[in-house]
$ cat start_21.pdb   # PDB, C-alpha atoms
ATOM      1  CA  MET A   1       4.461 -54.909  26.990  1.00  0.00           C
ATOM      2  CA  LYS A   2       4.092 -52.410  24.162  1.00  0.00           C
ATOM      3  CA  ASP A   3       6.746 -52.464  21.454  1.00  0.00           C
ATOM      4  CA  LEU A   4       8.538 -49.064  21.721  1.00  0.00           C
ATOM      5  CA  SER A   5       9.929 -49.256  18.192  1.00  0.00           C
ATOM      6  CA  LEU A   6       6.381 -49.416  16.791  1.00  0.00           C
ATOM      7  CA  TRP A   7       5.365 -46.421  18.932  1.00  0.00           C
ATOM      8  CA  LYS A   8       8.275 -44.396  17.513  1.00  0.00           C
ATOM      9  CA  LYS A   9       7.238 -45.214  13.953  1.00  0.00           C
ATOM     10  CA  GLU A  10       3.647 -44.161  14.655  1.00  0.00           C
ATOM     11  CA  LYS A  11       4.848 -40.908  16.195  1.00  0.00           C
ATOM     12  CA  LYS A  12       6.979 -40.109  13.136  1.00  0.00           C
ATOM     13  CA  VAL A  13       4.050 -40.666  10.792  1.00  0.00           C
ATOM     14  CA  LYS A  14       1.839 -38.460  12.940  1.00  0.00           C
ATOM     15  CA  ASP A  15       4.413 -35.670  12.955  1.00  0.00           C
ATOM     16  CA  ALA A  16       4.617 -35.778   9.156  1.00  0.00           C
ATOM     17  CA  VAL A  17       0.980 -34.699   8.741  1.00  0.00           C
ATOM     18  CA  PRO A  18       0.735 -30.965   7.878  1.00  0.00           C
ATOM     19  CA  SER A  19      -0.577 -28.842  10.699  1.00  0.00           C
ATOM     20  CA  THR A  20      -3.884 -27.068  10.245  1.00  0.00           C
ATOM     21  CA  LYS A  21      -2.756 -24.202  12.476  1.00  0.00           C
ATOM     22  CA  PRO A  22      -1.887 -20.984  10.664  1.00  0.00           C
ATOM     23  CA  ASN A  23       1.796 -20.351  10.209  1.00  0.00           C
ATOM     24  CA  LYS A  24       3.504 -16.983  10.247  1.00  0.00           C
ATOM     25  CA  ILE A  25       1.836 -14.299   8.147  1.00  0.00           C
ATOM     26  CA  TYR A  26       3.976 -13.326   5.172  1.00  0.00           C
ATOM     27  CA  LYS A  27       3.391 -10.163   3.224  1.00  0.00           C
ATOM     28  CA  THR A  28       2.364 -10.895  -0.354  1.00  0.00           C
ATOM     29  CA  PRO A  29       4.025  -8.925  -3.148  1.00  0.00           C
ATOM     30  CA  ASN A  30       2.198  -5.888  -4.439  1.00  0.00           C
ATOM     31  CA  LYS A  31      -0.125  -7.036  -7.217  1.00  0.00           C
ATOM     32  CA  SER A  32      -2.318  -3.978  -7.585  1.00  0.00           C
ATOM     33  CA  TRP A  33      -2.376  -4.503 -11.356  1.00  0.00           C
ATOM     34  CA  GLU A  34      -4.525  -7.607 -10.800  1.00  0.00           C
ATOM     35  CA  ILE A  35      -7.442  -5.553  -9.501  1.00  0.00           C
ATOM     36  CA  LYS A  36      -7.402  -2.871 -12.202  1.00  0.00           C
ATOM     37  CA  ASP A  37     -10.835  -2.501 -13.730  1.00  0.00           C
ATOM     38  CA  LYS A  38     -10.638  -3.684 -17.347  1.00  0.00           C
ATOM     39  CA  VAL A  39     -14.332  -4.328 -17.955  1.00  0.00           C
ATOM     40  CA  PHE A  40     -15.779  -2.265 -20.812  1.00  0.00           C
ATOM     41  CA  LYS A  41     -18.961  -4.238 -21.515  1.00  0.00           C
ATOM     42  CA  ILE A  42     -22.388  -2.629 -21.269  1.00  0.00           C
ATOM     43  CA  LYS A  43     -25.792  -4.343 -21.233  1.00  0.00           C
ATOM     44  CA  ILE A  44     -28.007  -2.949 -24.001  1.00  0.00           C
ATOM     45  CA  ALA A  45     -31.060  -5.256 -24.074  1.00  0.00           C
ATOM     46  CA  ASP A  46     -33.473  -2.584 -22.783  1.00  0.00           C
ATOM     47  CA  LEU A  47     -32.230  -0.015 -25.293  1.00  0.00           C
ATOM     48  CA  LEU A  48     -32.918  -2.241 -28.276  1.00  0.00           C
ATOM     49  CA  ASN A  49     -36.511  -2.678 -27.179  1.00  0.00           C
ATOM     50  CA  GLU A  50     -37.242   1.048 -27.167  1.00  0.00           C
ATOM     51  CA  THR A  51     -36.238   3.184 -30.157  1.00  0.00           C
ATOM     52  CA  GLY A  52     -34.972   6.629 -29.225  1.00  0.00           C
ATOM     53  CA  ARG A  53     -34.141   5.710 -25.644  1.00  0.00           C
ATOM     54  CA  GLU A  54     -30.935   7.206 -24.285  1.00  0.00           C
ATOM     55  CA  ASP A  55     -28.753   6.275 -21.321  1.00  0.00           C
ATOM     56  CA  GLN A  56     -25.626   7.917 -19.914  1.00  0.00           C
ATOM     57  CA  ILE A  57     -22.879   6.241 -17.894  1.00  0.00           C
ATOM     58  CA  VAL A  58     -19.822   7.802 -16.264  1.00  0.00           C
ATOM     59  CA  PHE A  59     -16.633   5.717 -16.151  1.00  0.00           C
ATOM     60  CA  GLU A  60     -13.551   6.290 -13.993  1.00  0.00           C
ATOM     61  CA  HIS A  61     -10.274   4.475 -13.306  1.00  0.00           C
ATOM     62  CA  LYS A  62     -10.526   2.116 -16.279  1.00  0.00           C
ATOM     63  CA  PHE A  63      -7.497   0.327 -17.688  1.00  0.00           C
ATOM     64  CA  SER A  64      -6.733  -1.384 -20.992  1.00  0.00           C
ATOM     65  CA  ASP A  65      -3.872  -3.646 -22.046  1.00  0.00           C
ATOM     66  CA  GLN A  66      -3.795  -1.622 -25.262  1.00  0.00           C
ATOM     67  CA  LEU A  67      -2.621   1.418 -23.262  1.00  0.00           C
ATOM     68  CA  PRO A  68       0.533   0.128 -21.522  1.00  0.00           C
ATOM     69  CA  ASN A  69       1.924   3.519 -20.400  1.00  0.00           C
ATOM     70  CA  LEU A  70      -1.284   4.594 -18.717  1.00  0.00           C
ATOM     71  CA  ASP A  71      -0.960   6.348 -15.368  1.00  0.00           C
ATOM     72  CA  ALA A  72      -2.364   4.757 -12.184  1.00  0.00           C
ATOM     73  CA  THR A  73      -5.445   7.003 -12.339  1.00  0.00           C
ATOM     74  CA  GLY A  74      -6.612   5.215 -15.497  1.00  0.00           C
ATOM     75  CA  VAL A  75      -9.029   6.584 -18.085  1.00  0.00           C
ATOM     76  CA  ALA A  76     -12.193   8.530 -17.307  1.00  0.00           C
ATOM     77  CA  TRP A  77     -15.052   9.480 -19.617  1.00  0.00           C
ATOM     78  CA  SER A  78     -18.772   9.901 -19.995  1.00  0.00           C
ATOM     79  CA  PHE A  79     -20.600   7.570 -22.373  1.00  0.00           C
ATOM     80  CA  THR A  80     -23.993   8.268 -23.914  1.00  0.00           C
ATOM     81  CA  ILE A  81     -25.759   5.486 -25.768  1.00  0.00           C
ATOM     82  CA  GLN A  82     -28.868   5.983 -27.866  1.00  0.00           C
ATOM     83  CA  SER A  83     -31.117   3.440 -29.542  1.00  0.00           C
ATOM     84  CA  LEU A  84     -31.489   4.242 -33.261  1.00  0.00           C
ATOM     85  CA  ASP A  85     -33.777   1.270 -33.877  1.00  0.00           C
ATOM     86  CA  ASN A  86     -34.052  -2.323 -32.707  1.00  0.00           C
ATOM     87  CA  THR A  87     -30.819  -3.297 -34.498  1.00  0.00           C
ATOM     88  CA  SER A  88     -28.421  -0.360 -34.045  1.00  0.00           C
ATOM     89  CA  LEU A  89     -27.104   2.000 -31.388  1.00  0.00           C
ATOM     90  CA  LEU A  90     -25.183   5.262 -31.388  1.00  0.00           C
ATOM     91  CA  GLY A  91     -22.440   5.517 -28.779  1.00  0.00           C
ATOM     92  CA  THR A  92     -20.814   8.842 -27.918  1.00  0.00           C
ATOM     93  CA  LEU A  93     -17.781   9.395 -25.716  1.00  0.00           C
ATOM     94  CA  THR A  94     -17.383  12.809 -24.102  1.00  0.00           C
ATOM     95  CA  ASP A  95     -14.672  14.302 -21.901  1.00  0.00           C
ATOM     96  CA  VAL A  96     -12.222  11.417 -22.258  1.00  0.00           C
ATOM     97  CA  SER A  97      -9.179  12.082 -20.080  1.00  0.00           C
ATOM     98  CA  ALA A  98      -6.022  10.133 -19.333  1.00  0.00           C
ATOM     99  CA  CYS A  99      -2.346  10.619 -18.468  1.00  0.00           C
ATOM    100  CA  PHE A 100       0.591   8.631 -19.830  1.00  0.00           C
ATOM    101  CA  HIS A 101       4.176   8.066 -18.737  1.00  0.00           C
ATOM    102  CA  GLU A 102       6.285   9.071 -21.747  1.00  0.00           C
ATOM    103  CA  THR A 103       9.897   9.614 -22.773  1.00  0.00           C
ATOM    104  CA  CYS A 104      10.656  12.834 -24.633  1.00  0.00           C
ATOM    105  CA  ASP A 105      11.788  12.162 -28.212  1.00  0.00           C
ATOM    106  CA  SER A 106      13.969  15.285 -28.109  1.00  0.00           C
ATOM    107  CA  CYS A 107      15.818  15.247 -24.775  1.00  0.00           C
ATOM    108  CA  GLY A 108      15.040  11.739 -23.436  1.00  0.00           C
ATOM    109  CA  ALA A 109      13.500  12.997 -20.194  1.00  0.00           C
ATOM    110  CA  SER A 110      10.533  11.227 -18.601  1.00  0.00           C
ATOM    111  CA  PHE A 111       7.332  13.237 -18.437  1.00  0.00           C
ATOM    112  CA  MET A 112       3.575  12.934 -18.036  1.00  0.00           C
ATOM    113  CA  ARG A 113       1.467  13.537 -21.134  1.00  0.00           C
ATOM    114  CA  ALA A 114      -2.184  14.434 -20.645  1.00  0.00           C
ATOM    115  CA  VAL A 115      -4.794  13.498 -23.246  1.00  0.00           C
ATOM    116  CA  GLU A 116      -8.255  15.014 -23.486  1.00  0.00           C
ATOM    117  CA  VAL A 117     -10.843  14.052 -26.086  1.00  0.00           C
ATOM    118  CA  PRO A 118     -13.977  16.229 -26.041  1.00  0.00           C
ATOM    119  CA  LEU A 119     -16.155  14.086 -28.346  1.00  0.00           C
ATOM    120  CA  TYR A 120     -16.001  10.770 -30.186  1.00  0.00           C
ATOM    121  CA  ALA A 121     -18.987   8.897 -31.650  1.00  0.00           C
ATOM    122  CA  TRP A 122     -19.507   5.463 -33.198  1.00  0.00           C
ATOM    123  CA  ARG A 123     -22.314   3.157 -34.310  1.00  0.00           C
ATOM    124  CA  PHE A 124     -23.025  -0.351 -33.049  1.00  0.00           C
ATOM    125  CA  VAL A 125     -24.919  -2.904 -35.136  1.00  0.00           C
ATOM    126  CA  PHE A 126     -25.571  -6.623 -35.342  1.00  0.00           C
ATOM    127  CA  GLU A 127     -22.995  -8.270 -37.576  1.00  0.00           C
ATOM    128  CA  ASP A 128     -25.593 -10.277 -39.532  1.00  0.00           C
ATOM    129  CA  ASP A 129     -27.565  -7.111 -40.291  1.00  0.00           C
ATOM    130  CA  VAL A 130     -24.478  -5.439 -41.705  1.00  0.00           C
ATOM    131  CA  LYS A 131     -23.992  -8.263 -44.176  1.00  0.00           C
ATOM    132  CA  LYS A 132     -27.598  -7.964 -45.330  1.00  0.00           C
ATOM    133  CA  LYS A 133     -28.200  -4.207 -45.337  1.00  0.00           C
ATOM    134  CA  GLU A 134     -24.925  -2.295 -45.415  1.00  0.00           C
ATOM    135  CA  THR A 135     -23.210  -1.722 -48.731  1.00  0.00           C
ATOM    136  CA  ALA A 136     -19.697  -2.941 -49.215  1.00  0.00           C
ATOM    137  CA  GLU A 137     -18.708   0.505 -50.462  1.00  0.00           C
ATOM    138  CA  SER A 138     -19.540   2.207 -47.152  1.00  0.00           C
ATOM    139  CA  GLU A 139     -16.458   3.684 -45.489  1.00  0.00           C
ATOM    140  CA  GLU A 140     -18.050   3.800 -42.042  1.00  0.00           C
ATOM    141  CA  VAL A 141     -16.308   1.583 -39.493  1.00  0.00           C
ATOM    142  CA  LEU A 142     -18.835  -0.203 -37.305  1.00  0.00           C
ATOM    143  CA  PHE A 143     -18.679  -1.972 -33.967  1.00  0.00           C
ATOM    144  CA  TYR A 144     -20.723  -5.084 -33.330  1.00  0.00           C
ATOM    145  CA  ILE A 145     -23.342  -5.911 -30.737  1.00  0.00           C
ATOM    146  CA  ASP A 146     -22.913  -9.254 -28.993  1.00  0.00           C
ATOM    147  CA  SER A 147     -26.315 -10.735 -29.852  1.00  0.00           C
ATOM    148  CA  LYS A 148     -26.029 -13.648 -27.415  1.00  0.00           C
ATOM    149  CA  ALA A 149     -25.025 -11.661 -24.345  1.00  0.00           C
ATOM    150  CA  GLU A 150     -26.856  -8.513 -25.534  1.00  0.00           C
ATOM    151  CA  THR A 151     -23.871  -6.359 -24.677  1.00  0.00           C
ATOM    152  CA  ILE A 152     -21.443  -3.999 -26.381  1.00  0.00           C
ATOM    153  CA  ASN A 153     -17.737  -3.676 -25.646  1.00  0.00           C
ATOM    154  CA  ILE A 154     -16.523  -0.077 -25.833  1.00  0.00           C
ATOM    155  CA  GLU A 155     -12.838  -0.740 -25.086  1.00  0.00           C
ATOM    156  CA  ASP A 156     -11.756  -0.313 -28.724  1.00  0.00           C
ATOM    157  CA  ILE A 157     -13.680   2.952 -29.017  1.00  0.00           C
ATOM    158  CA  VAL A 158     -12.009   4.399 -25.923  1.00  0.00           C
ATOM    159  CA  VAL A 159      -8.560   3.259 -27.037  1.00  0.00           C
ATOM    160  CA  GLN A 160      -9.023   4.637 -30.571  1.00  0.00           C
ATOM    161  CA  SER A 161     -10.246   7.998 -29.306  1.00  0.00           C
ATOM    162  CA  ILE A 162      -7.031   8.308 -27.298  1.00  0.00           C
ATOM    163  CA  LEU A 163      -4.599   6.935 -29.890  1.00  0.00           C
ATOM    164  CA  LEU A 164      -5.961   9.235 -32.588  1.00  0.00           C
ATOM    165  CA  ASN A 165      -4.793  12.121 -30.423  1.00  0.00           C
ATOM    166  CA  ASP A 166      -1.262  10.774 -30.004  1.00  0.00           C
ATOM    167  CA  PRO A 167       1.338  13.158 -31.452  1.00  0.00           C
ATOM    168  CA  PHE A 168       3.726  11.661 -34.007  1.00  0.00           C
ATOM    169  CA  VAL A 169       6.640  13.042 -31.972  1.00  0.00           C
ATOM    170  CA  LYS A 170       6.251  13.168 -28.192  1.00  0.00           C
ATOM    171  CA  ARG A 171       8.039  16.019 -26.451  1.00  0.00           C
ATOM    172  CA  CYS A 172       8.111  17.295 -22.886  1.00  0.00           C
ATOM    173  CA  ASP A 173       6.862  20.804 -22.092  1.00  0.00           C
ATOM    174  CA  ALA A 174      10.378  22.278 -22.001  1.00  0.00           C
ATOM    175  CA  CYS A 175      11.275  20.972 -25.471  1.00  0.00           C
ATOM    176  CA  THR A 176       7.878  21.968 -26.870  1.00  0.00           C
ATOM    177  CA  LYS A 177       8.359  25.559 -25.665  1.00  0.00           C
ATOM    178  CA  ARG A 178      11.957  25.675 -26.907  1.00  0.00           C
ATOM    179  CA  LEU A 179      10.986  24.451 -30.369  1.00  0.00           C
ATOM    180  CA  ALA A 180       8.047  26.865 -30.490  1.00  0.00           C
ATOM    181  CA  ASN A 181      10.431  29.770 -29.906  1.00  0.00           C
ATOM    182  CA  VAL A 182      12.822  28.472 -32.568  1.00  0.00           C
ATOM    183  CA  SER A 183       9.969  28.199 -35.053  1.00  0.00           C
ATOM    184  CA  ASP A 184       8.898  31.775 -34.352  1.00  0.00           C
ATOM    185  CA  ASP A 185      12.443  33.044 -34.964  1.00  0.00           C
ATOM    186  CA  GLU A 186      12.671  31.109 -38.221  1.00  0.00           C
ATOM    187  CA  GLU A 187       9.379  32.579 -39.421  1.00  0.00           C
ATOM    188  CA  ASP A 188      10.591  36.095 -38.607  1.00  0.00           C
ATOM    189  CA  PHE A 189      13.818  35.452 -40.452  1.00  0.00           C
ATOM    190  CA  GLY A 190      11.880  34.142 -43.449  1.00  0.00           C
ATOM    191  CA  GLU A 191       9.769  37.292 -43.571  1.00  0.00           C
ATOM    192  CA  PHE A 192      12.927  39.410 -43.375  1.00  0.00           C
ATOM    193  CA  GLU A 193      14.406  37.631 -46.402  1.00  0.00           C
ATOM    194  CA  ALA A 194      11.202  38.035 -48.416  1.00  0.00           C
ATOM    195  CA  LYS A 195      11.209  41.795 -47.903  1.00  0.00           C
ATOM    196  CA  TRP A 196      14.666  42.202 -49.415  1.00  0.00           C
ATOM    197  CA  ASN A 197      14.193  39.834 -52.309  1.00  0.00           C
ATOM    198  CA  ILE A 198      15.010  41.565 -55.618  1.00  0.00           C
ATOM    199  CA  THR A 199      13.762  40.222 -58.925  1.00  0.00           C
ATOM    200  CA  PHE A 200      15.530  41.121 -62.163  1.00  0.00           C
ATOM    201  CA  SER A 201      13.641  41.120 -65.407  1.00  0.00           C
TER     202      SER A 201
END

$ encode --input "start_21.pdb" --output "C-alpha cells"
Amino acid sequence: MKDLSLWKKEKKVKDAVPSTKPNKIYKTPNKSWEIKDKVFKIKIADLLNETGREDQIVFEHKFSDQLPNLDATGVAWSFTIQSLDNTSLLGTLTDVSACFHETCDSCGASFMRAVEVPLYAWRFVFEDDVKKKETAESEEVLFYIDSKAETINIEDIVVQSILLNDPFVKRCDACTKRLANVSDDEEDFGEFEAKWNITFS
C-alpha cells in the first residue's frame, strides 16, 4: 500500500513549481521617454574618401539630455556635410526648430517658447591632425571625428545652436508685449525731456 504522507509531500513540491502559463496581463507604466531617439551619430567614411562630396540628411523628433525642457515633438533640422579633404569635414545645420516648456521670469506663468535657428556651421577634424597642424593660437572651436568608428556626433552642435539663442530673461508673450509698450512710452518721455532741456552758459 502506498504511503499517503509521502504522496502529500510530493504534491506540495509539485505545486511549488512556478507555472509556465501566462498570468493576468498588467498594464506597464508609461515609459515613452525610453524610446526617444537620442542618436546623433553619422557615418562619414565615404565622405572622407572623396574630397568635395556633399550629403544632406533631415532629422526629426530628436531628443537630448542636455535639453531637459524640450517638448514632446523634439528637435528637427536639416544637416549638410561636406568633405573638405580626407581629414576634415564641414557640417552645416539649417532650419533648426524646437519648442520648450518654460516658466516666465516676470509673471511665473508656464508657456511654450519656440526656437528657430536658420544656419549654424562647424568643422570636424581628426584630433591627432589638430595637434600636428592647427596652431594653438587659433580661436576656432573644432569637433572631432571618431577615427575608429568613422563617425561624427552632432549632438553638441545641435544643442549649442539652440542654447546660443536662449534669451537671458525668458518671458511669455503677454509680458513681452507689456514690456515692449512700457519701453516705447519711456523712449517717448525721454525725447520729450530732451526737447525742453535748457543749457545756461

$ resolve_selection --input "start_21.pdb" --expression "the PyMOL selection byres ((chain A and resi 99) around 8)" --output "list in words"
Leu70, Asp71, Thr73, Gly74, Val75, Ser97, Ala98, Phe100, His101, Met112, Arg113, Ala114 and Val115 of chain A

$ closest_residue --input "start_21.pdb" --among "A:Leu90, A:Glu155, A:Cys104, A:Ala180" --to "Arg123 (chain A)" --atoms "all atoms listed in the file"
A:Leu90

$ resolve_selection --input "start_21.pdb" --expression "the PyMOL selection byres ((chain A and resi 96) around 7)" --output "PyMOL selection string"
chain A and resi 76-77+93-95+97-98+116-118

$ residues_around --input "start_21.pdb" --residues "region 47-54 of chain A" --least-positions-apart "5" --cutoff "7 Å" --atoms "only C-alpha atoms" --output "list of chain:residue names"
A:Ile81, A:Gln82, A:Ser83, A:Leu84, A:Asp85, A:Asn86, A:Thr87

$ residues_around --input "start_21.pdb" --residues "Ala109 (chain A)" --least-positions-apart "5" --cutoff "10 Å" --atoms "all atoms listed in the file" --output "list of chain:residue names"
A:Glu102, A:Thr103, A:Cys104, A:Arg171, A:Cys172, A:Ala174, A:Cys175

$ closest_residue --input "start_21.pdb" --among "A:Phe111, A:Asn69, A:Lys36, A:Tyr120" --to "Leu164 (chain A)" --atoms "only C-alpha atoms"
A:Tyr120

$ decode --input "start_21.pdb" --residues "region 80-103 of chain A" --atoms "C-alpha atoms" --output "PDB file, in the first residue's frame"
ATOM      1  CA  THR A  80      24.551  69.195 -44.737  1.00  0.00           C
ATOM      2  CA  ILE A  81      28.000  67.662 -44.519  1.00  0.00           C
ATOM      3  CA  GLN A  82      30.782  68.354 -46.988  1.00  0.00           C
ATOM      4  CA  SER A  83      34.198  66.757 -47.334  1.00  0.00           C
ATOM      5  CA  LEU A  84      36.927  69.432 -47.297  1.00  0.00           C
ATOM      6  CA  ASP A  85      39.715  66.877 -47.678  1.00  0.00           C
ATOM      7  CA  ASN A  86      40.498  63.397 -46.400  1.00  0.00           C
ATOM      8  CA  THR A  87      40.925  64.660 -42.819  1.00  0.00           C
ATOM      9  CA  SER A  88      38.233  67.317 -42.295  1.00  0.00           C
ATOM     10  CA  LEU A  89      34.534  67.928 -42.851  1.00  0.00           C
ATOM     11  CA  LEU A  90      32.262  70.956 -42.799  1.00  0.00           C
ATOM     12  CA  GLY A  91      28.907  70.425 -41.109  1.00  0.00           C
ATOM     13  CA  THR A  92      26.059  72.908 -41.512  1.00  0.00           C
ATOM     14  CA  LEU A  93      22.766  72.926 -39.639  1.00  0.00           C
ATOM     15  CA  THR A  94      19.822  74.674 -41.280  1.00  0.00           C
ATOM     16  CA  ASP A  95      16.257  75.309 -40.137  1.00  0.00           C
ATOM     17  CA  VAL A  96      16.741  74.058 -36.579  1.00  0.00           C
ATOM     18  CA  SER A  97      13.413  74.177 -34.747  1.00  0.00           C
ATOM     19  CA  ALA A  98      12.310  73.194 -31.263  1.00  0.00           C
ATOM     20  CA  CYS A  99       9.817  74.133 -28.543  1.00  0.00           C
ATOM     21  CA  PHE A 100      10.483  74.291 -24.806  1.00  0.00           C
ATOM     22  CA  HIS A 101       8.312  74.276 -21.699  1.00  0.00           C
ATOM     23  CA  GLU A 102       9.315  77.418 -19.790  1.00  0.00           C
ATOM     24  CA  THR A 103       8.310  79.490 -16.775  1.00  0.00           C
TER      25      THR A 103
END
